[in-house]
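Below: the structure, in structure tokens.
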Amino acid sequence: MANDNDVAFPILDSKDLAVLTARGHPRDVRAGEVLFSEGDRNRSFYVVLEGSIEVVGHSKGVPHVVAVHHPGQFSGDVDLLSGRAILVTGRAAEDGRVIELSSAELRRAGEELPDLGQILAKAFLKRRALLLGEEYEAVTIIGSRFSPDAHRLRDFATRNGIPARWIDLEADEQADALLRQFNIPASATPIVLGSDGEWVSNPSIADFARCMGLEATLQPDHIYDLVVVGAGPAGLAASVYAASEGLDVLTLDALAAGGQAGTSSLIENYLGFPTGISGKELTSNALFQAQKFGAKITVPTKVRSLGLHGGERVVTLTDGTRILTRCVLVASGVEYRKLDVPGFADFEGAGIYYAATDMEAKLCRGEEVVVVGAGNSAGQAIMFLPKYASRVHVVVRNQDLGASMSRYLVDRVERMEQVTVHRGAVVGGLEGNGHLSAVRVNGANGQQQTLNTNSLYLFIGADPNTDWLHGCVDLDRKGFVLTGDGLSPAVTEADRWHAAGRDPFLLETSLPGVFAAGDVRAGSVKRVAAAVGEGSMAVSFVQAHIARPV
């Protein structure tokens with residue numbers, strides 16, 4: 001059975017080498033020649049015929065050899081097809097000969113030669129997983145665990161697969177030494193420190209993304225076939241299916257691919273994964289799959305409005321950029337609900353969290369924590385947190401956990417010794433000075449209890465992220481997007497639909513050529529599988545609209 005290194009660093013056989021030689025550009029290289037450098041984008045792909053390629057990265061600020069590619073092996077990881085800035089430098093370790101292919105040539109080879117494409121895809125994904133698992137660092141983030149800004153930067157790095165080293169001012173002895181080494185005042189934290197020694201104090205997410213090369217170059221005058229707004233399960237599914245059908249796809253997300261599902265520690269009821277799959281793994285696989293087929297995905301990109309210009313739909317970004325497209329898929333998901341208690345805003349990111357990933361869970365090692373909510377997301381968090389926390393207090397309004405949580409999760413939660421469930425209870429108040437220190441819980445019989453904790457995890461539902469759609473497409477009373485049969489007769493009998501010569505498709509909004517899928521859609525089933533199904537189904541309607549545009 002192949003181990004991780006065998007998958008990450010396979011040796012291509014003579015048949016694969018011959019095929020790549022015919023499609024690529026064989027050339028000689030000299031010892032020390034740099035083939036690609038850290039920070040490059042859209043670089044070439046290299047296969048070693050003779051000699052070797054040495055891949056160098058940084059760990060804890062010290063350059064070191066990440067890998068050496070020998071004859072029959074090849075360079076690259078997921079960034080090769082995503083167009084992101086690369087994290088390592090590659091140079092010829094000795095005189096030799098290589099095959100060079102551009103990213104476009106590599107993509108065509110993978111599409112036309114599926115067996116070879118599968119080898120490359122598995123290798124690229126495994127290499128990135130190994131890079132993250134070995135605590136490789138592209139940047140260092142120094143700050144306080146109780147700083148909302150530090151949490152914001154760490155969350156963005158984690159969700160976007162940026163290898164980042166975290167140094168906690170309160171807990172890590174190296175923090176003071178590093179700050180003195182680079183002459184950085186503690187008041188400047190949180191900071192992002194690059195491998196080159198350059199640092200930035202509390203950058204915006206947009207600036208952080210720009211430095212890491214996460215944003216795609218947009219073409220304002222270009223007309224896309226489909227713009228997908230939101231890269232959660234629905235948006236990623238649509239991106240994969242649309243790009244695989246040859247459509248010109250641009251996918252936008254305000255923070256990171258994956259949506260709420262991407263923050264789940266384990267998804268156990270998704271078809272085809274009997275042992276479960278983490279939201280992070282599902283997201284990274286789907287993201288790479290979409291990019292492999294040619295979808296262009298960019299973060300962080302916030303959308304301000306949707307409109308029409310001539311016969312095209314116009315997506316306007318918050319920076320004023322206008323993107324023209326034949327069709328739009330609204331997959332912007334939902335926004336987390338917040339507790340209506342005094343001082344709540346003071347503790348967001350400073351003890352209050354909306355996900356229980358490794359990043360948040362490691363902050364509460366050996367401590368008691370509080371989880372509010374009783375849906376499946378809460379259930380997965382309750383199952384995961386005891387790996388780090390000494391006790392998990394669960395606050396739920398209902399007496400029965402099974403009212404909104406799947407039975408398999410209820411059974412597990414109720415058997416866990418480290419979990420205390422407070423039924424018929426609500427959060428009555430928060431305490432702390434600069435960061436959360438306690439949660440006051442009001443019980444069913446009027447009794448009050450104070451739980452000392454630095455970590456409160458909220459899973460209390462969400463509201464649709466549709467502010468950017470007001471005045472453009474019809475929404476229901478709660479702000480969810482109406483589609484298909486949910487549209488009123490007055491809408492479907494309007495002139496625009498008479499001009500279309502048809503009724504709205506099942507997932508089509510009140511505006512022809514604009515579709516909705518996933519949690520943002522009125523009447524949708526709030527499950528990952530349902531969102532993936534809707535996203536893929538929407539592509540067939542997109543194709544039908546393009547074939548007969550309005």
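Labeling convention for the structure tokens: chains A, B, ... as they appear, residues from 1 per chain, ligands from 1 in order of appearance.
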Q. Counting only C-alpha atoms, what is within 6 Å of stretch 161-170 of chain A, bar same-chain residues fewer than 3 positions away, as a list in words?
A. Leu132, Tyr136, Glu137, Ala138, Val139, Thr140, Ile141, Ile142, Gly143, Ser144, Ala157, Thr158 and Ala175 of chain A
Could the residues in this selection be written to a file with C-alpha atoms, as a compact mmCIF listing (two decimals), in the first residue's frame?
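Final output, selection.txt:
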# COMPACT_ATOMS: atom_id res chain seq x y z
CA LEU A 132 0.85 22.13 6.35
CA TYR A 136 5.98 24.77 7.31
CA GLU A 137 5.55 28.51 7.53
CA ALA A 138 4.98 31.02 4.77
CA VAL A 139 4.37 33.73 7.38
CA THR A 140 4.49 34.18 11.15
CA ILE A 141 1.61 35.82 13.02
CA ILE A 142 2.47 37.28 16.44
CA GLY A 143 -0.28 38.48 18.73
CA SER A 144 -2.50 37.76 21.69
CA ALA A 157 -4.74 32.09 6.97
CA THR A 158 -6.15 28.79 8.23
CA ALA A 175 7.40 36.19 21.33
**Q.** Per-residue DSSP, stretch 234-314 of chain A, filtered to strand (DSSP E or B), as a list in words
**A.** Val249, Leu250, Thr251, Leu252, Ile267, Ile277, Lys296, Ile297, Thr298, Val303, Arg304, Ser305, Leu306, Gly307, Leu308, His309, Glu312, Arg313 and Val314 of chain A
Q | Nearest to A:Leu401, chosen from A:Val413, A:Ala186, A:Ala374, A:Ala231, with only C-alpha atoms counted in the distances | A | A:Ala374
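Using only C-alpha atoms, the contacts of A:Leu49 at a cut-off of 10 Å, with sequence neighbours closer than 3 positions omitted, comprise Leu17, Thr21, Pro26, Arg27, Asp28, Tyr46, Ser52, His70, Pro71, Gly72, Gln73, Phe74, Gly96, Arg97, Val98 and Ile99 of chain A.
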Mind writing the picked residues with all heavy atoms as a CSV table (one decimal), in the first residue's frame?
chain,number,residue,atom,x,y,z
A,17,LEU,N,6.5,9.9,-19.4
A,17,LEU,CA,7.5,10.9,-19.7
A,17,LEU,C,7.5,11.2,-21.2
A,17,LEU,O,7.8,12.3,-21.6
A,17,LEU,CB,8.9,10.3,-19.3
A,17,LEU,CG,9.1,10.2,-17.8
A,17,LEU,CD1,10.5,9.5,-17.5
A,17,LEU,CD2,9.1,11.6,-17.2
A,21,THR,N,7.0,14.8,-22.8
A,21,THR,CA,8.0,15.3,-23.7
A,21,THR,C,7.5,15.8,-25.0
A,21,THR,O,7.8,16.9,-25.5
A,21,THR,CB,9.1,14.2,-24.0
A,21,THR,OG1,9.7,13.8,-22.7
A,21,THR,CG2,10.2,14.7,-24.9
A,26,PRO,N,11.4,20.3,-23.8
A,26,PRO,CA,12.7,19.8,-23.1
A,26,PRO,C,13.8,20.8,-23.3
A,26,PRO,O,13.9,21.5,-24.3
A,26,PRO,CB,13.0,18.5,-23.9
A,26,PRO,CG,11.7,18.1,-24.6
A,26,PRO,CD,11.0,19.4,-24.9
A,27,ARG,N,14.5,21.0,-22.2
A,27,ARG,CA,15.7,21.9,-22.2
A,27,ARG,C,16.7,21.5,-21.2
A,27,ARG,O,16.4,20.9,-20.2
A,27,ARG,CB,15.2,23.3,-22.0
A,27,ARG,CG,14.7,23.7,-20.7
A,27,ARG,CD,14.3,25.2,-20.7
A,27,ARG,NE,13.8,25.7,-19.4
A,27,ARG,CZ,14.6,26.2,-18.4
A,27,ARG,NH1,16.0,26.2,-18.6
A,27,ARG,NH2,14.1,26.7,-17.3
A,28,ASP,N,17.9,22.0,-21.4
A,28,ASP,CA,19.0,21.8,-20.4
A,28,ASP,C,19.0,22.8,-19.3
A,28,ASP,O,18.5,24.0,-19.5
A,28,ASP,CB,20.3,21.8,-21.1
A,28,ASP,CG,20.5,20.7,-22.2
A,28,ASP,OD1,19.9,19.6,-21.9
A,28,ASP,OD2,21.2,20.9,-23.2
A,46,TYR,N,7.8,21.5,-14.1
A,46,TYR,CA,9.0,20.8,-14.6
A,46,TYR,C,9.0,19.4,-14.3
A,46,TYR,O,8.7,19.0,-13.1
A,46,TYR,CB,10.2,21.5,-14.0
A,46,TYR,CG,10.4,23.0,-14.4
A,46,TYR,CD1,9.9,24.0,-13.6
A,46,TYR,CD2,11.1,23.3,-15.5
A,46,TYR,CE1,10.0,25.3,-13.9
A,46,TYR,CE2,11.2,24.6,-15.9
A,46,TYR,CZ,10.7,25.6,-15.1
A,46,TYR,OH,10.8,26.9,-15.5
A,52,SER,N,18.6,16.8,-11.0
A,52,SER,CA,17.7,16.9,-9.9
A,52,SER,C,17.3,18.4,-9.7
A,52,SER,O,18.1,19.3,-10.0
A,52,SER,CB,18.2,16.3,-8.6
A,52,SER,OG,19.4,16.9,-8.2
A,70,HIS,N,14.0,13.9,-8.3
A,70,HIS,CA,15.0,13.1,-9.1
A,70,HIS,C,14.4,12.7,-10.5
A,70,HIS,O,13.2,13.0,-10.7
A,70,HIS,CB,15.4,11.9,-8.3
A,70,HIS,CG,16.1,12.2,-7.0
A,70,HIS,ND1,17.4,12.7,-7.0
A,70,HIS,CD2,15.7,12.2,-5.7
A,70,HIS,CE1,17.7,13.0,-5.7
A,70,HIS,NE2,16.7,12.6,-4.9
A,71,PRO,N,15.2,12.1,-11.4
A,71,PRO,CA,14.6,11.7,-12.7
A,71,PRO,C,13.3,11.0,-12.6
A,71,PRO,O,13.2,10.1,-11.8
A,71,PRO,CB,15.8,10.9,-13.3
A,71,PRO,CG,17.0,11.5,-12.7
A,71,PRO,CD,16.6,11.8,-11.3
A,72,GLY,N,12.4,11.4,-13.4
A,72,GLY,CA,11.0,10.8,-13.4
A,72,GLY,C,10.1,11.5,-12.5
A,72,GLY,O,8.8,11.3,-12.5
A,73,GLN,N,10.6,12.5,-11.6
A,73,GLN,CA,9.7,13.2,-10.7
A,73,GLN,C,9.5,14.6,-11.2
A,73,GLN,O,10.1,15.0,-12.2
A,73,GLN,CB,10.3,13.2,-9.3
A,73,GLN,CG,10.4,11.8,-8.7
A,73,GLN,CD,11.0,11.9,-7.3
A,73,GLN,OE1,12.0,12.5,-7.0
A,73,GLN,NE2,10.3,11.2,-6.4
A,74,PHE,N,8.6,15.3,-10.6
A,74,PHE,CA,8.1,16.6,-11.1
A,74,PHE,C,7.9,17.6,-10.0
A,74,PHE,O,7.7,17.3,-8.8
A,74,PHE,CB,6.8,16.5,-11.9
A,74,PHE,CG,5.7,15.7,-11.2
A,74,PHE,CD1,4.9,16.4,-10.4
A,74,PHE,CD2,5.6,14.3,-11.3
A,74,PHE,CE1,3.9,15.7,-9.7
A,74,PHE,CE2,4.6,13.6,-10.7
A,74,PHE,CZ,3.7,14.3,-9.8
A,96,GLY,N,21.6,19.3,-15.7
A,96,GLY,CA,20.6,18.2,-16.1
A,96,GLY,C,19.7,18.7,-17.2
A,96,GLY,O,20.0,19.6,-18.0
A,97,ARG,N,18.6,18.0,-17.4
A,97,ARG,CA,17.6,18.2,-18.4
A,97,ARG,C,16.2,18.0,-17.9
A,97,ARG,O,16.0,17.1,-17.1
A,97,ARG,CB,17.9,17.3,-19.6
A,97,ARG,CG,17.1,17.6,-20.9
A,97,ARG,CD,17.6,16.8,-22.1
A,97,ARG,NE,16.9,17.0,-23.3
A,97,ARG,CZ,17.0,18.1,-24.1
A,97,ARG,NH1,17.8,19.0,-23.7
A,97,ARG,NH2,16.2,18.2,-25.1
A,98,VAL,N,15.3,19.0,-18.3
A,98,VAL,CA,14.0,18.9,-17.8
A,98,VAL,C,13.0,19.1,-18.9
A,98,VAL,O,13.4,19.5,-20.0
A,98,VAL,CB,13.7,20.0,-16.7
A,98,VAL,CG1,14.6,19.9,-15.5
A,98,VAL,CG2,13.9,21.4,-17.4
A,99,ILE,N,11.7,18.8,-18.7
A,99,ILE,CA,10.6,19.1,-19.6
A,99,ILE,C,9.9,20.2,-18.9
A,99,ILE,O,9.5,20.1,-17.7
A,99,ILE,CB,9.7,17.9,-19.8
A,99,ILE,CG1,10.4,16.6,-20.2
A,99,ILE,CG2,8.6,18.2,-20.8
A,99,ILE,CD1,9.6,15.4,-20.1
Q: Enumerate as an MDAnalysis selection string all residues of stretch 231-281 of chain A assigned to helix (DSSP H, G or I) by DSSP on the backbone, naming them with the chain letters and numbers the document uses.
A: chainID A and resid 233:244 260:263 279:281
Writing out the chosen residues with all heavy atoms as a CSV table (one decimal), in the first residue's frame:
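Writing done, so here's result36.csv:
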chain,number,residue,atom,x,y,z
A,233,PRO,N,-20.2,25.0,-0.4
A,233,PRO,CA,-20.5,23.8,-1.1
A,233,PRO,C,-21.3,24.0,-2.4
A,233,PRO,O,-21.0,23.4,-3.4
A,233,PRO,CB,-21.3,23.0,-0.1
A,233,PRO,CG,-20.8,23.4,1.2
A,233,PRO,CD,-20.6,24.9,1.1
A,234,ALA,N,-22.3,24.9,-2.4
A,234,ALA,CA,-23.1,25.1,-3.6
A,234,ALA,C,-22.3,25.8,-4.6
A,234,ALA,O,-22.3,25.4,-5.8
A,234,ALA,CB,-24.4,25.9,-3.2
A,235,GLY,N,-21.6,26.9,-4.2
A,235,GLY,CA,-20.8,27.6,-5.2
A,235,GLY,C,-19.6,26.8,-5.8
A,235,GLY,O,-19.3,26.9,-7.0
A,236,LEU,N,-19.0,26.0,-4.9
A,236,LEU,CA,-17.9,25.1,-5.4
A,236,LEU,C,-18.4,24.1,-6.4
A,236,LEU,O,-17.8,23.7,-7.4
A,236,LEU,CB,-17.1,24.5,-4.3
A,236,LEU,CG,-16.2,25.5,-3.5
A,236,LEU,CD1,-15.6,24.8,-2.2
A,236,LEU,CD2,-15.1,26.0,-4.3
A,237,ALA,N,-19.5,23.5,-6.0
A,237,ALA,CA,-20.1,22.4,-6.9
A,237,ALA,C,-20.4,23.0,-8.3
A,237,ALA,O,-20.1,22.4,-9.3
A,237,ALA,CB,-21.4,21.8,-6.3
A,238,ALA,N,-21.0,24.2,-8.3
A,238,ALA,CA,-21.3,24.9,-9.5
A,238,ALA,C,-20.1,25.2,-10.3
A,238,ALA,O,-20.0,25.0,-11.5
A,238,ALA,CB,-22.1,26.1,-9.3
A,239,SER,N,-19.0,25.6,-9.6
A,239,SER,CA,-17.8,25.9,-10.3
A,239,SER,C,-17.2,24.7,-10.9
A,239,SER,O,-16.7,24.8,-12.1
A,239,SER,CB,-16.8,26.5,-9.3
A,239,SER,OG,-17.3,27.6,-8.6
A,240,VAL,N,-17.2,23.6,-10.2
A,240,VAL,CA,-16.6,22.3,-10.8
A,240,VAL,C,-17.4,21.9,-12.0
A,240,VAL,O,-16.8,21.7,-13.1
A,240,VAL,CB,-16.7,21.2,-9.7
A,240,VAL,CG1,-16.4,19.8,-10.4
A,240,VAL,CG2,-15.7,21.5,-8.6
A,241,TYR,N,-18.7,21.8,-11.9
A,241,TYR,CA,-19.5,21.3,-13.0
A,241,TYR,C,-19.5,22.3,-14.2
A,241,TYR,O,-19.5,21.9,-15.4
A,241,TYR,CB,-21.0,21.0,-12.6
A,241,TYR,CG,-21.1,19.7,-11.8
A,241,TYR,CD1,-21.0,19.7,-10.4
A,241,TYR,CD2,-21.2,18.5,-12.5
A,241,TYR,CE1,-21.0,18.5,-9.7
A,241,TYR,CE2,-21.3,17.3,-11.8
A,241,TYR,CZ,-21.2,17.3,-10.4
A,241,TYR,OH,-21.2,16.1,-9.7
A,242,ALA,N,-19.6,23.6,-13.9
A,242,ALA,CA,-19.6,24.5,-15.0
A,242,ALA,C,-18.3,24.5,-15.8
A,242,ALA,O,-18.3,24.5,-17.0
A,242,ALA,CB,-20.0,25.9,-14.5
A,243,ALA,N,-17.2,24.6,-15.0
A,243,ALA,CA,-15.9,24.6,-15.7
A,243,ALA,C,-15.6,23.3,-16.4
A,243,ALA,O,-15.0,23.3,-17.5
A,243,ALA,CB,-14.8,24.8,-14.6
A,244,SER,N,-16.1,22.2,-15.9
A,244,SER,CA,-15.9,20.9,-16.6
A,244,SER,C,-16.7,20.8,-17.9
A,244,SER,O,-16.4,20.0,-18.8
A,244,SER,CB,-16.3,19.7,-15.6
A,244,SER,OG,-17.7,19.7,-15.4
A,260,GLN,N,-19.7,27.8,5.7
A,260,GLN,CA,-19.8,27.2,7.0
A,260,GLN,C,-19.3,25.7,7.1
A,260,GLN,O,-18.7,25.3,8.0
A,260,GLN,CB,-21.2,27.3,7.5
A,260,GLN,CG,-21.7,28.7,7.9
A,260,GLN,CD,-23.1,28.7,8.4
A,260,GLN,OE1,-24.0,28.5,7.6
A,260,GLN,NE2,-23.3,28.8,9.7
A,261,ALA,N,-19.6,25.0,6.0
A,261,ALA,CA,-19.1,23.6,6.0
A,261,ALA,C,-17.6,23.5,6.1
A,261,ALA,O,-17.1,22.5,6.6
A,261,ALA,CB,-19.6,22.9,4.7
A,262,GLY,N,-16.9,24.4,5.5
A,262,GLY,CA,-15.5,24.4,5.6
A,262,GLY,C,-14.9,24.5,7.0
A,262,GLY,O,-13.7,24.1,7.2
A,263,THR,N,-15.7,24.9,8.0
A,263,THR,CA,-15.2,25.0,9.3
A,263,THR,C,-15.6,23.8,10.2
A,263,THR,O,-15.2,23.8,11.4
A,263,THR,CB,-15.7,26.3,10.0
A,263,THR,OG1,-17.1,26.2,10.1
A,263,THR,CG2,-15.3,27.5,9.2
A,279,GLY,N,-14.4,19.4,7.1
A,279,GLY,CA,-14.8,20.4,6.2
A,279,GLY,C,-13.6,21.0,5.4
A,279,GLY,O,-13.7,21.4,4.3
A,280,LYS,N,-12.5,21.0,6.1
A,280,LYS,CA,-11.2,21.6,5.5
A,280,LYS,C,-10.8,20.7,4.3
A,280,LYS,O,-10.4,21.2,3.3
A,280,LYS,CB,-10.1,21.6,6.6
A,280,LYS,CG,-8.8,22.3,6.1
A,280,LYS,CD,-7.8,22.4,7.2
A,280,LYS,CE,-6.5,23.0,6.7
A,280,LYS,NZ,-5.6,23.1,7.9
A,281,GLU,N,-10.8,19.4,4.5
A,281,GLU,CA,-10.4,18.5,3.4
A,281,GLU,C,-11.4,18.5,2.3
A,281,GLU,O,-11.0,18.6,1.1
A,281,GLU,CB,-10.3,17.1,4.0
A,281,GLU,CG,-9.7,16.1,2.9
A,281,GLU,CD,-9.6,14.7,3.5
A,281,GLU,OE1,-9.9,14.4,4.7
A,281,GLU,OE2,-9.1,13.8,2.7
(Q) When you look at stretch 426-439 of chain A with a cut-off of 6 Å (counting only C-alpha atoms), what residues show up, excluding the ones that are within fewer than 4 positions of it in the same chain? I need them as a list in words. (A) Phe146, Val341, Phe347, Ala350, Gly351, Thr450, Leu451, Asn452, Thr453 and Asn454 of chain A
If you keep all heavy atoms, can you produce a file of those selected residues as a PDB file, in the first residue's frame?
ATOM      1  N   PHE A 146      -6.249  36.629  22.722  1.00  0.00           N
ATOM      2  CA  PHE A 146      -7.478  37.359  23.045  1.00  0.00           C
ATOM      3  C   PHE A 146      -7.691  38.578  22.152  1.00  0.00           C
ATOM      4  O   PHE A 146      -8.607  39.365  22.378  1.00  0.00           O
ATOM      5  CB  PHE A 146      -7.458  37.796  24.517  1.00  0.00           C
ATOM      6  CG  PHE A 146      -7.343  36.646  25.478  1.00  0.00           C
ATOM      7  CD1 PHE A 146      -6.232  36.518  26.302  1.00  0.00           C
ATOM      8  CD2 PHE A 146      -8.331  35.682  25.550  1.00  0.00           C
ATOM      9  CE1 PHE A 146      -6.120  35.469  27.183  1.00  0.00           C
ATOM     10  CE2 PHE A 146      -8.224  34.615  26.430  1.00  0.00           C
ATOM     11  CZ  PHE A 146      -7.118  34.509  27.254  1.00  0.00           C
ATOM     12  N   VAL A 341     -27.070  40.073  23.977  1.00  0.00           N
ATOM     13  CA  VAL A 341     -26.702  40.302  25.375  1.00  0.00           C
ATOM     14  C   VAL A 341     -25.734  41.486  25.431  1.00  0.00           C
ATOM     15  O   VAL A 341     -24.973  41.719  24.488  1.00  0.00           O
ATOM     16  CB  VAL A 341     -26.059  39.060  26.024  1.00  0.00           C
ATOM     17  CG1 VAL A 341     -27.055  37.918  26.108  1.00  0.00           C
ATOM     18  CG2 VAL A 341     -24.822  38.623  25.253  1.00  0.00           C
ATOM     19  N   PHE A 347     -16.440  40.930  22.809  1.00  0.00           N
ATOM     20  CA  PHE A 347     -15.764  39.643  22.962  1.00  0.00           C
ATOM     21  C   PHE A 347     -15.692  38.826  21.674  1.00  0.00           C
ATOM     22  O   PHE A 347     -15.175  37.708  21.685  1.00  0.00           O
ATOM     23  CB  PHE A 347     -16.462  38.812  24.051  1.00  0.00           C
ATOM     24  CG  PHE A 347     -16.518  39.501  25.382  1.00  0.00           C
ATOM     25  CD1 PHE A 347     -17.735  39.813  25.971  1.00  0.00           C
ATOM     26  CD2 PHE A 347     -15.358  39.868  26.047  1.00  0.00           C
ATOM     27  CE1 PHE A 347     -17.795  40.460  27.195  1.00  0.00           C
ATOM     28  CE2 PHE A 347     -15.404  40.514  27.275  1.00  0.00           C
ATOM     29  CZ  PHE A 347     -16.628  40.809  27.850  1.00  0.00           C
ATOM     30  N   ALA A 350     -12.441  37.501  20.737  1.00  0.00           N
ATOM     31  CA  ALA A 350     -11.679  37.584  21.987  1.00  0.00           C
ATOM     32  C   ALA A 350     -12.339  36.673  23.018  1.00  0.00           C
ATOM     33  O   ALA A 350     -12.489  37.017  24.189  1.00  0.00           O
ATOM     34  CB  ALA A 350     -11.644  39.028  22.496  1.00  0.00           C
ATOM     35  N   GLY A 351     -12.751  35.513  22.561  1.00  0.00           N
ATOM     36  CA  GLY A 351     -13.407  34.535  23.421  1.00  0.00           C
ATOM     37  C   GLY A 351     -14.699  33.997  22.838  1.00  0.00           C
ATOM     38  O   GLY A 351     -15.168  32.930  23.228  1.00  0.00           O
ATOM     39  N   THR A 450     -23.006  30.790  36.853  1.00  0.00           N
ATOM     40  CA  THR A 450     -21.887  31.433  36.170  1.00  0.00           C
ATOM     41  C   THR A 450     -20.831  30.387  35.831  1.00  0.00           C
ATOM     42  O   THR A 450     -20.346  29.680  36.718  1.00  0.00           O
ATOM     43  CB  THR A 450     -21.260  32.533  37.047  1.00  0.00           C
ATOM     44  OG1 THR A 450     -22.232  33.551  37.302  1.00  0.00           O
ATOM     45  CG2 THR A 450     -20.064  33.163  36.332  1.00  0.00           C
ATOM     46  N   LEU A 451     -20.517  30.290  34.533  1.00  0.00           N
ATOM     47  CA  LEU A 451     -19.522  29.325  34.059  1.00  0.00           C
ATOM     48  C   LEU A 451     -18.245  30.087  33.717  1.00  0.00           C
ATOM     49  O   LEU A 451     -18.243  30.936  32.827  1.00  0.00           O
ATOM     50  CB  LEU A 451     -20.040  28.587  32.823  1.00  0.00           C
ATOM     51  CG  LEU A 451     -21.367  27.839  32.984  1.00  0.00           C
ATOM     52  CD1 LEU A 451     -21.827  27.273  31.641  1.00  0.00           C
ATOM     53  CD2 LEU A 451     -21.235  26.731  34.020  1.00  0.00           C
ATOM     54  N   ASN A 452     -17.177  29.822  34.423  1.00  0.00           N
ATOM     55  CA  ASN A 452     -15.895  30.473  34.148  1.00  0.00           C
ATOM     56  C   ASN A 452     -15.272  29.868  32.897  1.00  0.00           C
ATOM     57  O   ASN A 452     -14.989  28.660  32.856  1.00  0.00           O
ATOM     58  CB  ASN A 452     -14.953  30.320  35.339  1.00  0.00           C
ATOM     59  CG  ASN A 452     -15.457  31.053  36.571  1.00  0.00           C
ATOM     60  OD1 ASN A 452     -15.975  32.159  36.471  1.00  0.00           O
ATOM     61  ND2 ASN A 452     -15.322  30.434  37.739  1.00  0.00           N
ATOM     62  N   THR A 453     -15.095  30.682  31.892  1.00  0.00           N
ATOM     63  CA  THR A 453     -14.564  30.180  30.622  1.00  0.00           C
ATOM     64  C   THR A 453     -13.971  31.324  29.805  1.00  0.00           C
ATOM     65  O   THR A 453     -14.419  32.471  29.917  1.00  0.00           O
ATOM     66  CB  THR A 453     -15.665  29.483  29.799  1.00  0.00           C
ATOM     67  OG1 THR A 453     -15.108  28.977  28.586  1.00  0.00           O
ATOM     68  CG2 THR A 453     -16.791  30.446  29.446  1.00  0.00           C
ATOM     69  N   ASN A 454     -12.979  30.995  29.002  1.00  0.00           N
ATOM     70  CA  ASN A 454     -12.422  31.955  28.044  1.00  0.00           C
ATOM     71  C   ASN A 454     -12.931  31.732  26.633  1.00  0.00           C
ATOM     72  O   ASN A 454     -12.543  32.467  25.720  1.00  0.00           O
ATOM     73  CB  ASN A 454     -10.889  31.853  28.022  1.00  0.00           C
ATOM     74  CG  ASN A 454     -10.254  32.318  29.317  1.00  0.00           C
ATOM     75  OD1 ASN A 454     -10.672  33.322  29.887  1.00  0.00           O
ATOM     76  ND2 ASN A 454      -9.257  31.587  29.795  1.00  0.00           N
TER      77      ASN A 454
END
(Q) Just want the 8 Å neighbourhood of stretch 285-299 of chain A, counted on only C-alpha atoms, with same-chain residues fewer than 3 positions away dropped. Output as a PyMOL selection string. (A) chain A and resi 78+81-82+107+111+125+209+214-216+236-237+239-241+243-244+248-257+281-282
Tell me, as a CSV table (one decimal) with N, CA, C and O atoms, in the first residue's frame, which residues lie within 10 Å of A:Lys338, counting only C-alpha atoms; anything in the same chain fewer than 4 positions away does not count.
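In the end it all went to result.csv:
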chain,number,residue,atom,x,y,z
A,344,PHE,N,-21.7,42.0,23.9
A,344,PHE,CA,-21.4,40.9,23.0
A,344,PHE,C,-20.3,41.3,22.1
A,344,PHE,O,-19.3,40.5,21.9
A,345,ALA,N,-20.4,42.5,21.5
A,345,ALA,CA,-19.4,42.9,20.4
A,345,ALA,C,-18.0,43.0,21.0
A,345,ALA,O,-17.0,42.8,20.3
A,348,GLU,N,-16.2,39.4,20.6
A,348,GLU,CA,-16.1,38.6,19.3
A,348,GLU,C,-14.6,38.5,18.9
A,348,GLU,O,-13.9,39.5,18.8
A,352,ILE,N,-15.3,34.7,21.9
A,352,ILE,CA,-16.5,34.3,21.2
A,352,ILE,C,-16.2,33.8,19.8
A,352,ILE,O,-15.6,34.6,19.0
A,354,TYR,N,-17.3,31.3,16.1
A,354,TYR,CA,-18.5,30.8,15.4
A,354,TYR,C,-18.1,29.4,14.7
A,354,TYR,O,-18.8,28.9,13.9
A,458,LEU,N,-20.6,29.6,19.3
A,458,LEU,CA,-22.0,29.9,19.0
A,458,LEU,C,-22.4,29.1,17.7
A,458,LEU,O,-21.8,29.3,16.7
A,459,PHE,N,-23.5,28.4,17.8
A,459,PHE,CA,-24.1,27.7,16.7
A,459,PHE,C,-25.6,27.9,16.8
A,459,PHE,O,-26.4,26.9,17.1
A,460,ILE,N,-26.1,29.1,16.7
A,460,ILE,CA,-27.5,29.4,16.9
A,460,ILE,C,-28.2,29.8,15.7
A,460,ILE,O,-29.2,30.6,15.7
A,461,GLY,N,-27.8,29.3,14.5
A,461,GLY,CA,-28.5,29.6,13.3
A,461,GLY,C,-27.8,30.8,12.6
A,461,GLY,O,-26.9,31.4,13.0
A,462,ALA,N,-28.4,31.1,11.5
A,462,ALA,CA,-27.9,32.2,10.6
A,462,ALA,C,-28.9,32.9,9.8
A,462,ALA,O,-30.0,32.3,9.6
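A straight line drawn from atom CA of A:Asp4 to atom CA of A:Leu131 is 11.8 Å long.
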Q.
So that I can check the surroundings of A:Glu367, please list as an MDAnalysis selection string every protein, DNA and RNA residue that reaches within 7 Å of it, counting only C-alpha atoms and ignoring chain neighbours fewer than 5 positions away.
A. chainID A and resid 389:391
Expected file contents, prior selection, N, CA, C and O atoms, as a short mmCIF file (atom, residue, chain, number, x, y, z; two decimals), in the first residue's frame:
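The resulting again.cif:
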data_model
loop_
_atom_site.label_atom_id
_atom_site.label_comp_id
_atom_site.auth_asym_id
_atom_site.auth_seq_id
_atom_site.Cartn_x
_atom_site.Cartn_y
_atom_site.Cartn_z
N ALA A 389 -10.43 20.54 25.48
CA ALA A 389 -11.04 21.14 26.66
C ALA A 389 -11.23 20.10 27.77
O ALA A 389 -11.44 18.91 27.52
N SER A 390 -11.19 20.56 29.02
CA SER A 390 -11.41 19.65 30.16
C SER A 390 -12.89 19.35 30.34
O SER A 390 -13.26 18.26 30.79
N ARG A 391 -13.76 20.30 29.98
CA ARG A 391 -15.21 20.09 30.05
C ARG A 391 -15.90 21.00 29.05
O ARG A 391 -15.48 22.13 28.83
#
